[in-house]
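Contents: one structure, followed by commentary.
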Amino acid sequence: MAERRLKLCGWGYEDDGLSAGETETLIGRLADRYDLGVAERRAPPPMDALSLPKPRLEAPAALQSFCTVDAYDRATHTYGKSLPEYVQIFDNRFDNAPDFVAYARDEDDITAVLDWAAGVKAAVIPFGGGTSVVGGVEPAVGSGFNGAVSLDLTRLDAVVEVDKTSRAARIQGGIRVPAMEAALKPQGLTMRHFPQSFEMATLGGMIATRSGGHYATLYTHIDDFVESLRMVTPQGILESRRLPGSGAGPSPDRFMIGSEGAVGIITEAWMRLQDRPVHRGSAAVLFDDFYKAAEAVRTLSQSALFPSNLRLLDPGEAYNNGFGDGAQSVLVLAFESADHPVEAWTARGLEICRDHEGQYDDAAGSDPEAHRSGAAGAWRNAFIRMPHYREVLISLGVIGDTFETSITWDRFRGFHDRVKAATLAAIEEATGQPGNVTCRFTHVYPDGPAPYFTFQGMGRDGALIEQWRHIKEKASDAVIAEGGTITHHHAVGRDHMPWYERQRPDLFGDVLAAAKARLDPAGILNPGVIVPAP
Ligand SMILES: Cc1cc2nc3c(=O)[nH]c(=O)nc-3n(C[C@H](O)[C@H](O)[C@H](O)COP(=O)(O)OP(=O)(O)OC[C@H]3O[C@@H](n4cnc5c(N)ncnc54)[C@H](O)[C@@H]3O)c2cc1C
């Protein structure tokens, strides 16, 4: 069977995308809000007209068998999926294209690339699914390097070993989530970690970025599922011991998780698995007041009921996801279990919602298929289709992006109001027109939520990146000034470095730099990410 090719500009594979109907609905909603003008939608450049710089370095003979300078490969490894990256593709700008792409087949290939790169002072950028939205995979490494190689890891794509007794599996770092789940399914197992980007994201990329999955409580970050890791560094292999838990000093796993390709390549992980759920309950609850809904969520998060889904959508966010008229907030509440019926949990969860003025119909929670139909089903569909929206928005000159953070409950209301106000003000400053900012909770902890903001404004072709940057900077400043984190799960990359440096203790930054110097003395691995480039 022919291999499905990835889109150069857009989400997923070339044979997938929004249907004509979905595109029409999206454009209709945008036209209600903005003057889209009469101009034709912009299209990205055709593949045979790409403006790629000439490679500065050539792969040596020993690496040639798994490296390529093909224009499609270099172009699809120049960017991740952030807004400024899409705009640069539309503008046919590939200034930082890698000189070549290395499709590593095993750890020996990775070591060979690292050894060669250290010798010639070439930057090496690990590339998993390439779904980074924070500038994590663009070889924007400055003039301190003689070239850059994109190290594609998707050939390391096997589930190597399953330990059913401990319910864990040894899995290679380059496998994409659907392939991993397909391999685990016949054993009745699942990792059940689905970031919105799950279709394309790889296990190693998710671990390297501390991804957040679809579980809204309890199992949120991928950290919870990592039992042990194996990483190839320029100084050798770093491998941790398989253990269900350990109190032996600072955890080597915790050091590797979230390292974003700056100290080594995650080639394998033993991951904790779960039995596939068979019992489900879900319901959508409406609230007239967003802050009352947030109080319901706080009570639920502190109740030890641990819903699998506890996503609060503010009225605008609910409307954008296809629910309601934009006047009410919606809480998608769901429970699931592989072991026991969940009716009692669902009933108690709904009771808590009612105590906080939540509204739902009498049949709520009783339909075991409700996660595929009704409001919960609509949320699920929107969650899966949303990644395709960006290419349409940009083709129309609409700036649409998201940022995510977390904050303790005691500070939530003021935090939400001030971050939203700062972002709205920044959109108006940047575009000269009012914009739109909505909020949902993607994850919820007993001590606070992870609010996820979506912003939108009508941009101007030719100025989209500059306008986006202004909004992004003001929003990020507000998040840090108000005590939040610059990222709850999208990672640091290059885009968040200035705020990450303000957020983490300076002395800890020194410790990270010292660790990088020990593992990557030539400083070739993903320069400028996590540790500032010298
Ligand atoms: C539409 C959309 C929705 C998203 N939704 C979510 C979400 O719900 N939750 C979430 O957490 N994130 C989300 N993201 C962000 C992104 O998908 C995640 O950060 C994801 O974990 C990245 O995985 P990847 O395999 O694509 O990594 P890549 O994008 O290829 O790489 C990410 C970073 O990790 C490094 N890296 C990649 N593989 C390895 C490896 N094997 N070893 C060492 N370093 C490596 C890269 O150099 C880079 O710095 C979303 C992105 C998009 C575009």
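Convention: chains lettered A, B, ... in structure tokens order; per-chain residue numbering from 1; ligands numbered from 1 as shown.
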
All residues 10 Å or closer to region 86-97 of chain A, only C-alpha atoms, same chain fewer than 6 positions away omitted, as a compact mmCIF listing (two decimals) with all heavy atoms, in the first residue's frame:
# COMPACT_ATOMS: atom_id res chain seq x y z
N LEU A 8 2.01 19.52 3.25
CA LEU A 8 3.04 20.52 3.52
C LEU A 8 2.45 21.64 4.37
O LEU A 8 3.05 22.09 5.33
CB LEU A 8 3.56 21.10 2.19
CG LEU A 8 4.40 22.37 2.33
CD1 LEU A 8 5.68 22.09 3.09
CD2 LEU A 8 4.72 22.95 0.95
N CYS A 9 1.26 22.09 4.01
CA CYS A 9 0.64 23.19 4.73
C CYS A 9 -0.73 22.76 5.18
O CYS A 9 -1.67 22.75 4.39
CB CYS A 9 0.54 24.42 3.82
SG CYS A 9 -0.10 25.84 4.70
N GLY A 10 -0.84 22.37 6.43
CA GLY A 10 -2.14 21.94 6.91
C GLY A 10 -1.99 20.76 7.84
O GLY A 10 -0.87 20.31 8.11
N ARG A 42 -6.28 32.75 0.03
CA ARG A 42 -4.89 32.49 -0.38
C ARG A 42 -4.61 30.99 -0.36
O ARG A 42 -5.17 30.26 0.45
CB ARG A 42 -3.92 33.16 0.61
CG ARG A 42 -3.83 34.64 0.47
CD ARG A 42 -2.73 35.15 1.39
NE ARG A 42 -1.40 34.79 0.91
CZ ARG A 42 -0.30 34.82 1.67
NH1 ARG A 42 -0.36 35.16 2.93
NH2 ARG A 42 0.87 34.52 1.16
N ALA A 43 -3.69 30.57 -1.19
CA ALA A 43 -3.30 29.16 -1.21
C ALA A 43 -1.80 29.06 -0.96
O ALA A 43 -1.05 29.99 -1.33
CB ALA A 43 -3.64 28.55 -2.56
N PRO A 44 -1.35 27.99 -0.33
CA PRO A 44 0.10 27.82 -0.16
C PRO A 44 0.76 27.57 -1.51
O PRO A 44 0.09 27.21 -2.48
CB PRO A 44 0.21 26.60 0.74
CG PRO A 44 -1.11 25.92 0.69
CD PRO A 44 -2.13 26.90 0.25
N PRO A 45 2.08 27.76 -1.61
CA PRO A 45 2.75 27.57 -2.90
C PRO A 45 2.72 26.11 -3.33
O PRO A 45 2.72 25.21 -2.48
CB PRO A 45 4.19 28.00 -2.61
CG PRO A 45 4.35 27.85 -1.13
CD PRO A 45 3.00 28.10 -0.53
N PRO A 46 2.68 25.84 -4.64
CA PRO A 46 2.74 24.44 -5.09
C PRO A 46 4.12 23.86 -4.80
O PRO A 46 5.11 24.59 -4.71
CB PRO A 46 2.50 24.54 -6.60
CG PRO A 46 2.76 25.96 -6.96
CD PRO A 46 2.59 26.80 -5.74
N ALA A 49 7.26 24.82 -6.67
CA ALA A 49 7.70 26.23 -6.71
C ALA A 49 8.25 26.67 -5.35
O ALA A 49 8.28 27.86 -5.05
CB ALA A 49 6.53 27.10 -7.12
N LEU A 50 8.65 25.69 -4.55
CA LEU A 50 9.10 26.06 -3.20
C LEU A 50 10.44 26.78 -3.26
O LEU A 50 11.33 26.41 -4.02
CB LEU A 50 9.25 24.81 -2.32
CG LEU A 50 7.98 24.05 -2.03
CD1 LEU A 50 8.27 22.88 -1.11
CD2 LEU A 50 6.93 24.96 -1.41
N SER A 51 10.56 27.78 -2.40
CA SER A 51 11.77 28.58 -2.39
C SER A 51 12.69 28.11 -1.25
O SER A 51 12.67 28.68 -0.16
CB SER A 51 11.27 30.00 -2.20
OG SER A 51 12.17 30.88 -2.13
N LEU A 52 13.41 27.03 -1.51
CA LEU A 52 14.28 26.45 -0.47
C LEU A 52 15.72 26.90 -0.65
O LEU A 52 16.22 26.89 -1.78
CB LEU A 52 14.25 24.92 -0.57
CG LEU A 52 12.99 24.22 -0.07
CD1 LEU A 52 12.94 22.80 -0.62
CD2 LEU A 52 12.96 24.18 1.43
N PRO A 53 16.40 27.28 0.44
CA PRO A 53 17.81 27.63 0.28
C PRO A 53 18.64 26.40 -0.09
O PRO A 53 18.26 25.27 0.21
CB PRO A 53 18.21 28.15 1.67
CG PRO A 53 17.20 27.58 2.61
CD PRO A 53 15.94 27.33 1.83
N LYS A 54 19.75 26.62 -0.75
CA LYS A 54 20.65 25.49 -1.11
C LYS A 54 21.21 24.86 0.16
O LYS A 54 21.58 25.59 1.09
CB LYS A 54 21.85 26.04 -1.88
CG LYS A 54 21.73 26.02 -3.36
CD LYS A 54 23.06 26.55 -3.88
CE LYS A 54 23.75 25.58 -4.78
NZ LYS A 54 23.48 25.89 -6.17
N PRO A 55 21.31 23.53 0.23
CA PRO A 55 21.91 22.92 1.43
C PRO A 55 23.34 23.42 1.63
O PRO A 55 24.09 23.56 0.66
CB PRO A 55 21.90 21.43 1.11
CG PRO A 55 20.91 21.24 0.03
CD PRO A 55 20.87 22.52 -0.74
N ALA A 71 13.19 18.00 -1.82
CA ALA A 71 12.53 19.28 -1.45
C ALA A 71 11.32 19.03 -0.56
O ALA A 71 11.08 19.76 0.41
CB ALA A 71 12.12 20.02 -2.71
N ASP A 73 10.79 16.60 1.54
CA ASP A 73 11.22 16.23 2.90
C ASP A 73 11.78 17.44 3.65
O ASP A 73 11.47 17.66 4.82
CB ASP A 73 12.28 15.12 2.84
CG ASP A 73 11.69 13.84 2.29
OD1 ASP A 73 10.96 13.18 3.04
OD2 ASP A 73 11.92 13.53 1.11
N ARG A 74 12.60 18.24 2.96
CA ARG A 74 13.17 19.42 3.64
C ARG A 74 12.05 20.41 4.01
O ARG A 74 12.04 20.94 5.12
CB ARG A 74 14.21 20.10 2.75
CG ARG A 74 15.50 19.28 2.61
CD ARG A 74 16.48 20.00 1.70
NE ARG A 74 16.99 21.22 2.28
CZ ARG A 74 17.36 22.30 1.57
NH1 ARG A 74 17.23 22.30 0.25
NH2 ARG A 74 17.83 23.36 2.17
N ALA A 75 11.11 20.60 3.11
CA ALA A 75 10.03 21.58 3.37
C ALA A 75 9.13 21.11 4.51
O ALA A 75 8.75 21.91 5.38
CB ALA A 75 9.22 21.82 2.11
N THR A 76 8.78 19.81 4.52
CA THR A 76 7.87 19.33 5.56
C THR A 76 8.58 19.19 6.92
O THR A 76 7.93 18.94 7.93
CB THR A 76 7.22 17.97 5.19
OG1 THR A 76 8.27 17.08 4.76
CG2 THR A 76 6.19 18.12 4.10
N HIS A 77 9.89 19.36 6.94
CA HIS A 77 10.63 19.33 8.21
C HIS A 77 11.14 20.71 8.60
O HIS A 77 11.99 20.83 9.48
CB HIS A 77 11.78 18.32 8.14
CG HIS A 77 11.30 16.90 8.16
ND1 HIS A 77 10.78 16.29 7.04
CD2 HIS A 77 11.23 15.98 9.16
CE1 HIS A 77 10.41 15.04 7.35
NE2 HIS A 77 10.68 14.83 8.63
N THR A 78 10.66 21.76 7.92
CA THR A 78 11.11 23.11 8.28
C THR A 78 10.28 23.66 9.43
O THR A 78 10.77 24.44 10.25
CB THR A 78 10.98 24.06 7.06
OG1 THR A 78 11.69 23.48 5.97
CG2 THR A 78 11.56 25.43 7.36
N TYR A 79 9.02 23.27 9.49
CA TYR A 79 8.11 23.88 10.46
C TYR A 79 7.30 22.86 11.22
O TYR A 79 7.08 21.74 10.76
CB TYR A 79 7.13 24.81 9.72
CG TYR A 79 7.79 26.01 9.07
CD1 TYR A 79 7.73 26.20 7.70
CD2 TYR A 79 8.48 26.95 9.84
CE1 TYR A 79 8.32 27.30 7.10
CE2 TYR A 79 9.08 28.06 9.25
CZ TYR A 79 9.00 28.23 7.89
OH TYR A 79 9.58 29.32 7.30
N GLY A 80 6.77 23.33 12.36
CA GLY A 80 5.73 22.61 13.08
C GLY A 80 4.39 23.17 12.66
O GLY A 80 4.19 23.50 11.48
N GLU A 138 11.51 23.91 14.29
CA GLU A 138 12.08 24.72 13.19
C GLU A 138 13.58 24.90 13.44
O GLU A 138 13.97 25.34 14.52
CB GLU A 138 11.41 26.10 13.13
CG GLU A 138 11.97 26.92 11.97
CD GLU A 138 11.49 28.38 11.95
OE1 GLU A 138 10.65 28.75 12.80
OE2 GLU A 138 11.98 29.12 11.09
N PRO A 139 14.41 24.59 12.44
CA PRO A 139 15.86 24.75 12.66
C PRO A 139 16.30 26.23 12.63
O PRO A 139 17.18 26.61 11.88
CB PRO A 139 16.49 23.95 11.51
CG PRO A 139 15.40 23.12 10.94
CD PRO A 139 14.12 23.87 11.18
N ALA A 140 15.66 27.03 13.48
CA ALA A 140 16.02 28.46 13.56
C ALA A 140 17.14 28.58 14.59
O ALA A 140 16.90 28.93 15.74
CB ALA A 140 14.81 29.27 13.98
N VAL A 141 18.37 28.25 14.16
CA VAL A 141 19.45 28.08 15.14
C VAL A 141 20.50 29.19 15.05
O VAL A 141 21.51 29.15 15.75
CB VAL A 141 20.12 26.69 14.99
CG1 VAL A 141 19.10 25.60 15.32
CG2 VAL A 141 20.69 26.48 13.60
N GLY A 142 20.29 30.16 14.19
CA GLY A 142 21.22 31.28 14.11
C GLY A 142 22.50 30.94 13.38
O GLY A 142 22.64 29.85 12.79
N GLY A 147 25.26 24.38 9.74
CA GLY A 147 24.13 23.80 9.05
C GLY A 147 23.19 23.18 10.08
O GLY A 147 23.44 23.26 11.29
N ALA A 148 22.10 22.56 9.59
CA ALA A 148 21.15 21.93 10.50
C ALA A 148 20.55 20.69 9.84
O ALA A 148 20.26 20.69 8.64
CB ALA A 148 20.04 22.92 10.86
N VAL A 149 20.36 19.67 10.67
CA VAL A 149 19.78 18.41 10.21
C VAL A 149 18.49 18.16 10.98
O VAL A 149 18.46 18.32 12.20
CB VAL A 149 20.73 17.23 10.52
CG1 VAL A 149 20.13 15.92 10.03
CG2 VAL A 149 22.09 17.47 9.94
N SER A 150 17.43 17.79 10.28
CA SER A 150 16.21 17.39 10.96
C SER A 150 16.29 15.87 11.14
O SER A 150 16.42 15.13 10.15
CB SER A 150 14.99 17.78 10.13
OG SER A 150 13.83 17.45 10.84
N ARG A 390 -7.07 25.71 11.16
CA ARG A 390 -6.06 26.76 11.05
C ARG A 390 -5.74 27.13 9.59
O ARG A 390 -5.61 28.30 9.25
CB ARG A 390 -4.78 26.35 11.79
CG ARG A 390 -3.65 27.33 11.58
CD ARG A 390 -2.60 27.24 12.66
NE ARG A 390 -3.02 27.92 13.86
CZ ARG A 390 -2.48 27.72 15.05
NH1 ARG A 390 -1.51 26.85 15.21
NH2 ARG A 390 -2.89 28.40 16.11
N GLU A 391 -5.63 26.09 8.73
CA GLU A 391 -5.26 26.40 7.34
C GLU A 391 -6.33 27.25 6.65
O GLU A 391 -6.02 28.09 5.81
CB GLU A 391 -4.97 25.10 6.57
CG GLU A 391 -6.10 24.11 6.51
CD GLU A 391 -5.62 22.64 6.58
OE1 GLU A 391 -5.19 22.19 7.66
OE2 GLU A 391 -5.72 21.96 5.56
N ILE A 394 -6.10 31.02 8.14
CA ILE A 394 -4.98 31.80 7.62
C ILE A 394 -5.20 32.15 6.16
O ILE A 394 -4.87 33.24 5.71
CB ILE A 394 -3.65 31.06 7.85
CG1 ILE A 394 -3.39 31.02 9.36
CG2 ILE A 394 -2.49 31.77 7.15
CD1 ILE A 394 -2.20 30.24 9.77
N SER A 395 -5.82 31.24 5.43
CA SER A 395 -6.08 31.53 4.00
C SER A 395 -7.00 32.74 3.85
O SER A 395 -7.05 33.37 2.81
CB SER A 395 -6.68 30.30 3.31
OG SER A 395 -8.03 30.15 3.67
N GLY A 397 -6.92 35.30 6.13
CA GLY A 397 -6.31 36.43 6.85
C GLY A 397 -6.84 36.58 8.27
O GLY A 397 -6.70 37.64 8.88
N ASP A 461 -3.18 40.62 5.58
CA ASP A 461 -2.15 39.87 4.85
C ASP A 461 -0.88 40.69 4.77
O ASP A 461 -0.92 41.88 4.52
CB ASP A 461 -2.65 39.56 3.43
CG ASP A 461 -3.38 38.23 3.41
OD1 ASP A 461 -3.18 37.44 4.34
OD2 ASP A 461 -4.16 38.01 2.47
N GLY A 462 0.23 40.05 4.98
CA GLY A 462 1.51 40.76 4.97
C GLY A 462 1.92 41.21 6.36
O GLY A 462 3.08 41.49 6.61
N ALA A 463 0.94 41.28 7.30
CA ALA A 463 1.29 41.73 8.66
C ALA A 463 0.87 40.69 9.70
O ALA A 463 0.96 40.94 10.90
CB ALA A 463 0.60 43.06 8.95
N LEU A 464 0.44 39.51 9.25
CA LEU A 464 -0.14 38.53 10.18
C LEU A 464 0.82 38.13 11.30
O LEU A 464 0.42 38.06 12.46
CB LEU A 464 -0.59 37.27 9.43
CG LEU A 464 -1.86 37.37 8.58
CD1 LEU A 464 -2.15 36.03 7.93
CD2 LEU A 464 -3.03 37.81 9.42
N ILE A 465 2.08 37.92 10.95
CA ILE A 465 3.02 37.44 11.97
C ILE A 465 3.27 38.54 13.00
O ILE A 465 3.26 38.29 14.21
CB ILE A 465 4.34 36.95 11.34
CG1 ILE A 465 4.06 35.71 10.48
CG2 ILE A 465 5.39 36.66 12.40
CD1 ILE A 465 5.28 35.08 9.85

* Env. residues ligand 1 / 7 Å / only C-alpha atoms and all ligand atoms / as a ChimeraX atom specification -> /A:80-82,125-133,136-137,153,173-174,194-197,200-214,259-261,264-267,386-387,489-491,493,526

Output file for the selection above: C-alpha atoms, as a PDB file, in the first residue's frame:
ATOM      1  CA  GLY A  80       5.735  22.606  13.079  1.00  0.00           C
ATOM      2  CA  LYS A  81       2.099  23.714  13.309  1.00  0.00           C
ATOM      3  CA  SER A  82       2.174  27.160  14.898  1.00  0.00           C
ATOM      4  CA  ILE A 125      16.651  18.967  15.534  1.00  0.00           C
ATOM      5  CA  PRO A 126      14.688  15.897  16.699  1.00  0.00           C
ATOM      6  CA  PHE A 127      11.442  15.622  14.728  1.00  0.00           C
ATOM      7  CA  GLY A 128       8.591  13.353  15.830  1.00  0.00           C
ATOM      8  CA  GLY A 129       5.118  14.147  14.541  1.00  0.00           C
ATOM      9  CA  GLY A 130       6.116  17.755  13.880  1.00  0.00           C
ATOM     10  CA  THR A 131       2.954  18.958  15.686  1.00  0.00           C
ATOM     11  CA  SER A 132       4.819  21.432  17.887  1.00  0.00           C
ATOM     12  CA  VAL A 133       2.941  24.725  18.201  1.00  0.00           C
ATOM     13  CA  GLY A 136      10.120  23.369  18.757  1.00  0.00           C
ATOM     14  CA  VAL A 137      11.135  21.797  15.437  1.00  0.00           C
ATOM     15  CA  LEU A 153      12.214   9.518  14.324  1.00  0.00           C
ATOM     16  CA  GLY A 173       9.765   6.759  20.506  1.00  0.00           C
ATOM     17  CA  GLY A 174       8.774   7.465  16.903  1.00  0.00           C
ATOM     18  CA  PHE A 194      -4.971  11.488  23.561  1.00  0.00           C
ATOM     19  CA  PRO A 195      -3.750  15.033  23.040  1.00  0.00           C
ATOM     20  CA  GLN A 196      -5.844  16.833  20.417  1.00  0.00           C
ATOM     21  CA  SER A 197      -2.914  16.225  18.064  1.00  0.00           C
ATOM     22  CA  MET A 200       0.058  12.763  14.186  1.00  0.00           C
ATOM     23  CA  ALA A 201       1.954  13.036  17.508  1.00  0.00           C
ATOM     24  CA  THR A 202       4.594  10.448  18.422  1.00  0.00           C
ATOM     25  CA  LEU A 203       5.287   8.849  21.790  1.00  0.00           C
ATOM     26  CA  GLY A 204       8.786  10.368  22.017  1.00  0.00           C
ATOM     27  CA  GLY A 205       7.488  13.822  21.042  1.00  0.00           C
ATOM     28  CA  MET A 206       4.755  13.621  23.666  1.00  0.00           C
ATOM     29  CA  ILE A 207       7.193  12.584  26.385  1.00  0.00           C
ATOM     30  CA  ALA A 208       9.719  15.235  25.292  1.00  0.00           C
ATOM     31  CA  THR A 209       7.010  17.918  25.578  1.00  0.00           C
ATOM     32  CA  ARG A 210       5.126  16.621  28.652  1.00  0.00           C
ATOM     33  CA  SER A 211       1.919  16.449  26.672  1.00  0.00           C
ATOM     34  CA  GLY A 212      -1.525  16.652  28.205  1.00  0.00           C
ATOM     35  CA  GLY A 213      -4.014  13.988  27.142  1.00  0.00           C
ATOM     36  CA  HIS A 214      -7.795  13.963  27.002  1.00  0.00           C
ATOM     37  CA  SER A 259      13.564  17.978  27.808  1.00  0.00           C
ATOM     38  CA  GLU A 260      12.272  18.860  24.284  1.00  0.00           C
ATOM     39  CA  GLY A 261      15.172  17.335  22.376  1.00  0.00           C
ATOM     40  CA  GLY A 264      19.027  13.616  23.919  1.00  0.00           C
ATOM     41  CA  ILE A 265      16.684  11.557  21.785  1.00  0.00           C
ATOM     42  CA  ILE A 266      14.032   9.433  23.499  1.00  0.00           C
ATOM     43  CA  THR A 267      14.205   6.153  21.605  1.00  0.00           C
ATOM     44  CA  MET A 386     -10.495  21.470  15.035  1.00  0.00           C
ATOM     45  CA  PRO A 387      -6.839  20.926  13.958  1.00  0.00           C
ATOM     46  CA  HIS A 489       1.029  21.262  27.963  1.00  0.00           C
ATOM     47  CA  HIS A 490       2.042  22.878  24.655  1.00  0.00           C
ATOM     48  CA  ALA A 491       5.703  23.018  25.807  1.00  0.00           C
ATOM     49  CA  GLY A 493       9.980  25.482  22.260  1.00  0.00           C
ATOM     50  CA  ASN A 526      17.885  21.643  19.444  1.00  0.00           C
TER      51      ASN A 526
END

* To do: Name the residues of region 124-278 of chain A that come out as alpha helix (DSSP H) in a backbone DSSP run; write them as a list in words.
  => Val177, Pro178, Ala179, Met180, Glu181, Ala182, Ala183, Leu184, Leu203, Gly204, Gly205, Met206, Ile207, Ala208, Thr209, Pro252, Asp253, Arg254, Phe255 and Met256 of chain A

* Residues of region 428-480 of chain A in strand (DSSP E) according to DSSP, as an MDAnalysis selection string? -> chainID A and resid 436:445 448:458

Can those selected residues be exported to a file as a JSON list (two decimals), in the first residue's frame so that it contains N, CA, C and O atoms?
[["chain", "number", "residue", "atom", "x", "y", "z"],
["A", 436, "ASN", "N", -11.94, 38.40, 19.56],
["A", 436, "ASN", "CA", -12.73, 37.45, 20.31],
["A", 436, "ASN", "C", -11.78, 36.60, 21.16],
["A", 436, "ASN", "O", -10.78, 36.11, 20.64],
["A", 437, "VAL", "N", -12.09, 36.45, 22.46],
["A", 437, "VAL", "CA", -11.28, 35.58, 23.32],
["A", 437, "VAL", "C", -12.23, 34.68, 24.09],
["A", 437, "VAL", "O", -13.17, 35.16, 24.73],
["A", 438, "THR", "N", -12.01, 33.38, 24.02],
["A", 438, "THR", "CA", -12.85, 32.44, 24.76],
["A", 438, "THR", "C", -11.97, 31.56, 25.64],
["A", 438, "THR", "O", -10.75, 31.51, 25.46],
["A", 439, "CYS", "N", -12.62, 30.86, 26.57],
["A", 439, "CYS", "CA", -11.84, 30.05, 27.52],
["A", 439, "CYS", "C", -12.53, 28.72, 27.78],
["A", 439, "CYS", "O", -13.75, 28.65, 27.83],
["A", 440, "ARG", "N", -11.73, 27.68, 27.89],
["A", 440, "ARG", "CA", -12.25, 26.41, 28.38],
["A", 440, "ARG", "C", -11.22, 25.81, 29.34],
["A", 440, "ARG", "O", -10.08, 26.26, 29.36],
["A", 441, "PHE", "N", -11.67, 24.86, 30.14],
["A", 441, "PHE", "CA", -10.71, 24.13, 30.99],
["A", 441, "PHE", "C", -10.37, 22.84, 30.25],
["A", 441, "PHE", "O", -11.27, 22.05, 29.94],
["A", 442, "THR", "N", -9.08, 22.62, 30.00],
["A", 442, "THR", "CA", -8.72, 21.34, 29.38],
["A", 442, "THR", "C", -8.43, 20.28, 30.43],
["A", 442, "THR", "O", -8.65, 19.10, 30.21],
["A", 443, "HIS", "N", -7.87, 20.69, 31.55],
["A", 443, "HIS", "CA", -7.54, 19.76, 32.62],
["A", 443, "HIS", "C", -7.90, 20.45, 33.94],
["A", 443, "HIS", "O", -7.86, 21.67, 34.02],
["A", 444, "VAL", "N", -8.20, 19.64, 34.94],
["A", 444, "VAL", "CA", -8.59, 20.21, 36.22],
["A", 444, "VAL", "C", -7.94, 19.42, 37.35],
["A", 444, "VAL", "O", -7.96, 18.18, 37.34],
["A", 445, "TYR", "N", -7.36, 20.13, 38.29],
["A", 445, "TYR", "CA", -6.71, 19.51, 39.44],
["A", 445, "TYR", "C", -7.47, 19.93, 40.70],
["A", 445, "TYR", "O", -8.15, 20.96, 40.69],
["A", 448, "GLY", "N", -6.59, 23.52, 41.27],
["A", 448, "GLY", "CA", -6.77, 24.56, 40.25],
["A", 448, "GLY", "C", -7.01, 24.00, 38.86],
["A", 448, "GLY", "O", -6.71, 22.84, 38.59],
["A", 449, "PRO", "N", -7.54, 24.86, 37.98],
["A", 449, "PRO", "CA", -7.80, 24.42, 36.60],
["A", 449, "PRO", "C", -6.66, 24.76, 35.66],
["A", 449, "PRO", "O", -5.77, 25.55, 36.01],
["A", 450, "ALA", "N", -6.70, 24.18, 34.47],
["A", 450, "ALA", "CA", -5.80, 24.56, 33.38],
["A", 450, "ALA", "C", -6.65, 25.28, 32.33],
["A", 450, "ALA", "O", -7.22, 24.64, 31.45],
["A", 451, "PRO", "N", -6.77, 26.62, 32.44],
["A", 451, "PRO", "CA", -7.58, 27.35, 31.44],
["A", 451, "PRO", "C", -6.85, 27.41, 30.10],
["A", 451, "PRO", "O", -5.63, 27.59, 30.04],
["A", 452, "TYR", "N", -7.62, 27.25, 29.05],
["A", 452, "TYR", "CA", -7.10, 27.21, 27.67],
["A", 452, "TYR", "C", -7.84, 28.31, 26.92],
["A", 452, "TYR", "O", -9.06, 28.27, 26.78],
["A", 453, "PHE", "N", -7.10, 29.33, 26.50],
["A", 453, "PHE", "CA", -7.72, 30.49, 25.85],
["A", 453, "PHE", "C", -7.58, 30.36, 24.33],
["A", 453, "PHE", "O", -6.52, 29.98, 23.83],
["A", 454, "THR", "N", -8.63, 30.72, 23.63],
["A", 454, "THR", "CA", -8.59, 30.79, 22.17],
["A", 454, "THR", "C", -8.82, 32.24, 21.78],
["A", 454, "THR", "O", -9.76, 32.87, 22.29],
["A", 455, "PHE", "N", -7.94, 32.79, 20.95],
["A", 455, "PHE", "CA", -8.18, 34.18, 20.51],
["A", 455, "PHE", "C", -8.27, 34.25, 19.00],
["A", 455, "PHE", "O", -7.69, 33.43, 18.28],
["A", 456, "GLN", "N", -8.99, 35.27, 18.57],
["A", 456, "GLN", "CA", -9.24, 35.43, 17.14],
["A", 456, "GLN", "C", -9.38, 36.90, 16.81],
["A", 456, "GLN", "O", -9.91, 37.67, 17.61],
["A", 457, "GLY", "N", -8.88, 37.29, 15.67],
["A", 457, "GLY", "CA", -9.05, 38.68, 15.22],
["A", 457, "GLY", "C", -8.84, 38.72, 13.71],
["A", 457, "GLY", "O", -8.21, 37.82, 13.13],
["A", 458, "MET", "N", -9.35, 39.76, 13.09],
["A", 458, "MET", "CA", -9.19, 39.89, 11.64],
["A", 458, "MET", "C", -7.84, 40.53, 11.36],
["A", 458, "MET", "O", -7.60, 41.68, 11.72]]

* Shell of 12 Å around Val232 (chain A), only C-alpha atoms, local chain residues under 5 positions omitted, as a PyMOL selection string -> chain A and resi 106-115+126+173+204+237-239+256+261-268+519-520+525
